file upload-v2.txt (compact mmCIF, C-alpha atoms)
# COMPACT_ATOMS: atom_id res chain seq x y z
CA MET A 1 -27.57 -22.93 22.33
CA GLY A 2 -26.04 -25.93 20.56
CA ILE A 3 -22.41 -25.99 19.47
CA LEU A 4 -23.31 -26.23 15.79
CA LYS A 5 -25.67 -23.26 16.01
CA LEU A 6 -23.03 -21.21 17.83
CA LEU A 7 -20.46 -22.16 15.21
CA LYS A 8 -22.86 -21.12 12.47
CA TYR A 9 -23.33 -17.67 14.01
CA CYS A 10 -19.57 -17.27 14.44
CA VAL A 11 -18.99 -18.08 10.78
CA ILE A 12 -21.68 -15.60 9.72
CA ILE A 13 -20.13 -12.86 11.88
CA VAL A 14 -16.62 -13.51 10.51
CA VAL A 15 -17.79 -13.56 6.87
CA ALA A 16 -19.82 -10.38 7.43
CA TYR A 17 -16.77 -8.64 8.93
CA PHE A 18 -14.61 -9.48 5.91
CA ILE A 19 -17.27 -8.34 3.44
CA ILE A 20 -18.04 -5.07 5.22
CA CYS A 21 -14.38 -4.34 5.88
CA ASN A 22 -13.41 -4.82 2.25
CA ILE A 23 -16.25 -2.55 1.13
CA VAL A 24 -15.07 0.19 3.51
CA ILE A 25 -11.46 -0.30 2.37
CA PHE A 26 -12.53 0.00 -1.28
CA TYR A 27 -14.50 3.20 -0.76
CA TYR A 28 -11.78 4.77 1.39
CA ALA A 29 -9.27 4.15 -1.40
CA GLN A 30 -11.30 6.38 -3.73
CA GLN A 31 -10.35 9.57 -1.87
CA LYS A 32 -8.37 12.23 -3.69
CA PRO A 33 -5.07 13.48 -2.27
CA ALA A 34 -4.59 17.10 -1.26
CA SER A 35 -2.66 19.14 -3.80
CA HIS A 36 0.53 21.09 -3.04
CA ALA A 37 1.45 18.89 -0.08
CA ASP A 38 4.54 19.68 1.95
CA ASN A 39 5.48 16.00 2.11
CA LEU A 40 4.70 12.89 0.13
CA ILE A 41 5.31 9.67 2.08
CA ILE A 42 5.69 6.51 -0.01
CA LEU A 43 5.26 3.44 2.15
CA GLY A 44 7.59 0.57 1.46
CA SER A 45 6.88 -3.03 0.62
CA GLN A 46 9.06 -6.02 -0.09
CA VAL A 47 11.75 -5.70 -2.76
CA VAL A 48 12.99 -8.69 -4.73
CA GLY A 49 16.14 -9.97 -6.41
CA ASN A 50 19.84 -9.26 -6.11
CA PRO A 51 20.42 -6.51 -7.03
CA ALA A 52 17.11 -5.57 -5.44
CA GLU A 53 14.32 -4.06 -7.50
CA ALA A 54 10.74 -2.99 -6.95
CA PRO A 55 8.13 -5.63 -7.82
CA PRO A 56 4.84 -4.59 -9.51
CA THR A 57 3.04 -3.83 -6.22
CA LEU A 58 5.72 -1.36 -5.15
CA GLN A 59 6.16 0.01 -8.67
CA ALA A 60 2.47 0.93 -8.67
CA ARG A 61 3.05 3.09 -5.59
CA LEU A 62 6.15 4.72 -7.08
CA ASP A 63 4.52 5.47 -10.44
CA VAL A 64 1.53 7.32 -8.94
CA ALA A 65 3.94 9.16 -6.64
CA ILE A 66 6.03 10.29 -9.62
CA THR A 67 2.93 11.69 -11.32
CA TYR A 68 2.05 13.63 -8.17
CA LEU A 69 5.61 14.92 -7.71
CA ASN A 70 5.75 16.13 -11.31
CA GLU A 71 2.46 17.97 -10.82
CA ASN A 72 3.56 19.42 -7.45
CA PRO A 73 7.25 20.34 -7.84
CA GLU A 74 7.48 21.96 -4.41
CA THR A 75 6.56 18.74 -2.58
CA LYS A 76 9.28 16.78 -0.79
CA VAL A 77 9.15 12.99 -0.82
CA VAL A 78 10.07 10.46 1.86
CA VAL A 79 10.67 6.85 0.83
CA CYS A 80 10.20 4.37 3.66
CA GLY A 81 11.28 0.85 4.47
CA GLY A 82 14.15 -1.04 6.03
CA GLN A 83 15.79 -4.27 4.93
CA GLY A 84 14.14 -7.58 5.73
CA LYS A 85 15.97 -10.85 6.15
CA ASP A 86 15.00 -11.94 2.63
CA GLU A 87 15.87 -8.62 0.98
CA SER A 88 19.25 -7.71 -0.53
CA ALA A 89 18.83 -3.96 0.07
CA THR A 90 16.63 -1.59 2.00
CA GLU A 91 13.24 -0.88 0.48
CA ALA A 92 13.88 2.85 0.81
CA SER A 93 17.13 2.71 -1.19
CA VAL A 94 15.46 0.79 -4.02
CA MET A 95 12.59 3.27 -4.08
CA ALA A 96 14.94 6.27 -4.10
CA HIS A 97 16.91 4.80 -7.00
CA TYR A 98 13.66 4.22 -8.93
CA LEU A 99 12.51 7.81 -8.39
CA ILE A 100 15.87 9.21 -9.49
CA SER A 101 15.85 7.02 -12.61
CA LYS A 102 12.47 8.53 -13.50
CA GLY A 103 13.69 12.11 -13.20
CA ILE A 104 12.92 13.08 -9.59
CA ASP A 105 15.70 15.33 -8.29
CA LEU A 106 17.80 13.89 -5.47
CA PRO A 107 17.46 16.96 -3.16
CA ARG A 108 13.69 16.34 -2.96
CA ILE A 109 14.14 12.77 -1.71
CA TYR A 110 14.46 11.85 1.98
CA ILE A 111 15.20 8.29 3.09
CA GLU A 112 13.69 6.47 6.06
CA ASP A 113 15.38 3.06 6.04
CA LYS A 114 14.94 1.73 9.58
CA SER A 115 11.28 0.71 9.75
CA MET A 116 9.99 -2.82 9.46
CA ARG A 117 6.27 -2.13 9.90
CA THR A 118 3.78 0.50 8.69
CA ALA A 119 3.37 2.06 12.12
CA GLU A 120 7.14 2.49 12.46
CA GLN A 121 7.39 4.27 9.12
CA PHE A 122 5.28 7.22 10.26
CA VAL A 123 7.06 7.53 13.61
CA ASN A 124 10.43 7.60 11.86
CA VAL A 125 9.29 10.07 9.20
CA MET A 126 8.32 12.50 11.97
CA LYS A 127 12.00 12.49 13.03
CA ILE A 128 13.11 13.45 9.51
CA LEU A 129 10.62 16.15 8.49
CA PRO A 130 7.94 18.22 10.26
CA PRO A 131 4.54 16.79 9.31
CA GLY A 132 2.89 19.72 7.51
CA LYS A 133 0.37 18.88 4.82
CA THR A 134 1.05 15.24 4.04
CA VAL A 135 -0.01 12.78 1.36
CA VAL A 136 0.52 9.06 1.97
CA VAL A 137 1.11 6.86 -1.07
CA THR A 138 0.33 3.17 -0.86
CA ASN A 139 -1.76 0.56 -2.62
CA ASP A 140 -5.52 0.86 -2.66
CA PHE A 141 -6.15 -1.86 -0.07
CA HIS A 142 -3.69 -0.24 2.35
CA ILE A 143 -4.97 3.37 2.39
CA LEU A 144 -7.47 3.09 5.25
CA ARG A 145 -5.04 1.52 7.72
CA SER A 146 -2.21 3.84 6.68
CA ILE A 147 -4.23 7.01 7.25
CA MET A 148 -5.34 5.72 10.64
CA LEU A 149 -1.73 5.04 11.67
CA ALA A 150 -0.49 8.36 10.29
CA LYS A 151 -3.00 10.25 12.43
CA ARG A 152 -2.11 8.20 15.47
CA SER A 153 1.53 9.15 14.87
CA GLY A 154 0.70 12.87 15.01
CA ILE A 155 0.28 13.64 11.30
CA GLU A 156 -3.08 15.39 11.40
CA ASP A 157 -3.25 17.04 7.96
CA VAL A 158 -3.06 13.84 5.93
CA SER A 159 -4.73 12.39 2.85
CA GLY A 160 -4.11 9.31 0.76
CA LEU A 161 -2.97 8.69 -2.80
CA SER A 162 -4.06 5.25 -3.90
CA ALA A 163 -2.06 3.01 -6.23
CA ALA A 164 -4.52 0.50 -7.63
CA LEU A 165 -3.37 -3.03 -8.35
CA SER A 166 -4.31 -4.81 -11.55
CA PHE A 167 -6.41 -7.96 -11.37
CA ASP A 168 -3.48 -10.08 -12.58
CA ASN A 169 -1.51 -9.17 -9.45
CA VAL A 170 -1.91 -11.90 -6.83
CA ASP A 171 -1.35 -9.36 -4.04
CA LYS A 172 -4.77 -7.90 -4.82
CA TYR A 173 -6.47 -11.17 -3.90
CA VAL A 174 -4.28 -11.85 -0.87
CA ALA A 175 -5.27 -8.41 0.43
CA PHE A 176 -8.97 -9.36 0.54
CA VAL A 177 -8.11 -11.70 3.43
CA ARG A 178 -4.95 -10.20 4.87
CA GLU A 179 -5.90 -6.52 5.09
CA PRO A 180 -9.09 -6.90 7.20
CA LEU A 181 -7.02 -8.91 9.68
CA ALA A 182 -4.18 -6.37 9.61
CA LEU A 183 -6.65 -3.51 10.06
CA LEU A 184 -8.16 -5.15 13.13
CA ASN A 185 -4.71 -5.83 14.56
CA SER A 186 -3.57 -2.24 13.99
CA TRP A 187 -6.78 -0.80 15.42
CA LEU A 188 -6.31 -2.82 18.59
CA PHE A 189 -2.55 -2.77 19.09
CA ASP A 190 -0.78 -0.11 16.98
CA HIS A 191 -0.72 3.14 18.96
CA PRO A 192 2.54 4.86 17.95
CA ASN A 193 1.96 7.85 20.26
CA ASP A 194 1.61 5.55 23.27
CA PRO A 195 4.88 5.99 25.24
CA ARG A 196 4.78 2.33 26.21
CA GLN A 197 5.35 1.42 22.53
CA SER A 198 8.40 3.68 22.28
CA GLN A 199 10.26 1.92 25.08
CA PRO A 200 13.06 -0.49 24.05

call {"tool": "encode", "arguments": {"input": "upload-v2.txt", "output": "structure tokens"}}
result
Amino acid sequence: MGILKLLKYCVIIVVAYFIICNIVIFYYAQQKPASHADNLIILGSQVVGNPAEAPPTLQARLDVAITYLNENPETKVVVCGGQGKDESATEASVMAHYLISKGIDLPRIYIEDKSMRTAEQFVNVMKILPPGKTVVVTNDFHILRSIMLAKRSGIEDVSGLSAALSFDNVDKYVAFVREPLALLNSWLFDHPNDPRQSQP
């Protein structure tokens, strides 16, 4: 087989993977969350500014979470996310402040502010609250990978609550390329229950 023909087949395979993966991601994001969950986990994403605030992508997650929490007043909420080098505060602290400013009572809010990656967020949440019936809140493109990682972390009774991004949000278009790659990486390498990954 010639080099050009082999290259052509490789390109076709790669393009097909991205198309199929994005279709699966889209359909998975349409699922409905379980009602009356014990815990609502809001996954963090980058905060901006000083003082730090939630950008539109993170606000979308927080706003759908607030709707759910108002409809399910018995549900506890865990906000997740540490502080990156280019962030002036932890993502979790910014998220907690946003929830409180929108009327969510402080005793319902638990803070996980050590994680730097999605897989770490679920492992750390398990140290704060027993899993129970859990709903994971994240953006639409991120639901499939998040549910996979939650189950690998030992959270069996889990469903997703999708925060859709508007078409004027550049993150929506970046996700078409980034998320299929991140999903493949997580599928291959993120196994939070593997004791080898818990070693320092």

call {"tool": "atom_distance", "arguments": {"input": "upload-v2.txt", "atom1": "atom CA of A:Asn70", "atom2": "atom CA of A:Leu165"}}
result
21.4 Å

call {"tool": "closest_atom_pairs", "arguments": {"input": "upload-v2.txt", "of": "stretch 24-97 of chain A", "to": "stretch 109-120 of chain A", "cutoff": "12 Å", "atoms": "only C-alpha atoms", "output": "CSV"}}
result
residue,atom,partner,partner_atom,distance
A:Asn39,CA,A:Tyr110,CA,9.9
A:Leu40,CA,A:Ile109,CA,9.6
A:Ile41,CA,A:Tyr110,CA,9.4
A:Ile42,CA,A:Glu112,CA,10.0
A:Leu43,CA,A:Thr118,CA,7.3
A:Gly44,CA,A:Thr118,CA,8.2
A:Ser45,CA,A:Thr118,CA,9.3
A:Gln46,CA,A:Met116,CA,10.1
A:Ala65,CA,A:Ile109,CA,11.9
A:Ile66,CA,A:Ile109,CA,11.6
A:Leu69,CA,A:Ile109,CA,10.6
A:Pro73,CA,A:Ile109,CA,11.9
A:Glu74,CA,A:Ile109,CA,11.7
A:Thr75,CA,A:Ile109,CA,9.7
A:Lys76,CA,A:Ile109,CA,6.4
A:Val77,CA,A:Ile109,CA,5.1
A:Val78,CA,A:Tyr110,CA,4.6
A:Val79,CA,A:Ile111,CA,5.3
A:Cys80,CA,A:Glu112,CA,4.7
A:Gly81,CA,A:Asp113,CA,4.9
A:Gly82,CA,A:Asp113,CA,4.3
A:Gln83,CA,A:Asp113,CA,7.4
A:Gly84,CA,A:Met116,CA,7.3
A:Lys85,CA,A:Met116,CA,10.5
A:Glu87,CA,A:Met116,CA,11.8
A:Ala89,CA,A:Asp113,CA,9.8
A:Thr90,CA,A:Asp113,CA,6.3
A:Glu91,CA,A:Asp113,CA,7.1
A:Ala92,CA,A:Asp113,CA,5.4
A:Ser93,CA,A:Ile111,CA,7.3
A:Val94,CA,A:Asp113,CA,10.3
A:Met95,CA,A:Ile111,CA,9.1
A:Ala96,CA,A:Ile109,CA,7.0
A:His97,CA,A:Ile109,CA,10.0

call {"tool": "atom_distance", "arguments": {"input": "upload-v2.txt", "atom1": "atom CA of A:Ser101", "atom2": "atom CA of A:Val48"}}
result
17.8 Å

call {"tool": "closest_residue", "arguments": {"input": "upload-v2.txt", "among": "A:Met148, A:Leu106, A:Val174, A:Ala29", "to": "A:Leu188", "atoms": "all atoms listed in the file"}}
result
A:Met148

call {"tool": "residues_near_point", "arguments": {"input": "upload-v2.txt", "point": "(-3.8, 1.9, -5.5)", "cutoff": "10 Å", "atoms": "only C-alpha atoms", "output": "number ranges by chain"}}
result
A: 26, 29-30, 57, 60-61, 64, 137-143, 160-166, 172

call {"tool": "atom_distance", "arguments": {"input": "upload-v2.txt", "atom1": "atom CA of A:Glu179", "atom2": "atom CA of A:Phe167"}}
result
16.5 Å

call {"tool": "closest_residue", "arguments": {"input": "upload-v2.txt", "among": "A:Gly103, A:Gly154, A:Pro192, A:Pro180", "to": "A:Cys21", "atoms": "all atoms listed in the file"}}
result
A:Pro180

call {"tool": "residues_around", "arguments": {"input": "upload-v2.txt", "residues": "stretch 3-16 of chain A", "least_positions_apart": "6", "cutoff": "12 Å", "atoms": "all atoms listed in the file", "output": "list in words"}}
result
Asn22, Ile23, Phe176, Val177, Pro180 and Leu181 of chain A

call {"tool": "closest_residue", "arguments": {"input": "upload-v2.txt", "among": "A:Arg178, A:Ile25, A:His191, A:Asp171", "to": "A:Val123", "atoms": "all atoms listed in the file"}}
result
A:His191

call {"tool": "closest_residue", "arguments": {"input": "upload-v2.txt", "among": "A:Leu149, A:Ala34, A:Val24, A:Ala54", "to": "A:Ser186", "atoms": "all atoms listed in the file"}}
result
A:Leu149

call {"tool": "axis_aligned_box", "arguments": {"input": "upload-v2.txt", "around": "stretch 7-17 of chain A", "padding_each_side": "8 Å", "output": "AutoDock Vina command-line options"}}
result
--center_x -20.0 --center_y -15.4 --center_z 11.0 --size_x 22.7 --size_y 29.5 --size_z 24.3

call {"tool": "closest_residue", "arguments": {"input": "upload-v2.txt", "among": "A:Val170, A:Ile19, A:Ile147, A:Ala175", "to": "A:Trp187", "atoms": "all atoms listed in the file"}}
result
A:Ile147

call {"tool": "closest_residue", "arguments": {"input": "upload-v2.txt", "among": "A:Phe189, A:Tyr17, A:Lys102, A:Gln31", "to": "A:Gln59", "atoms": "all atoms listed in the file"}}
result
A:Lys102
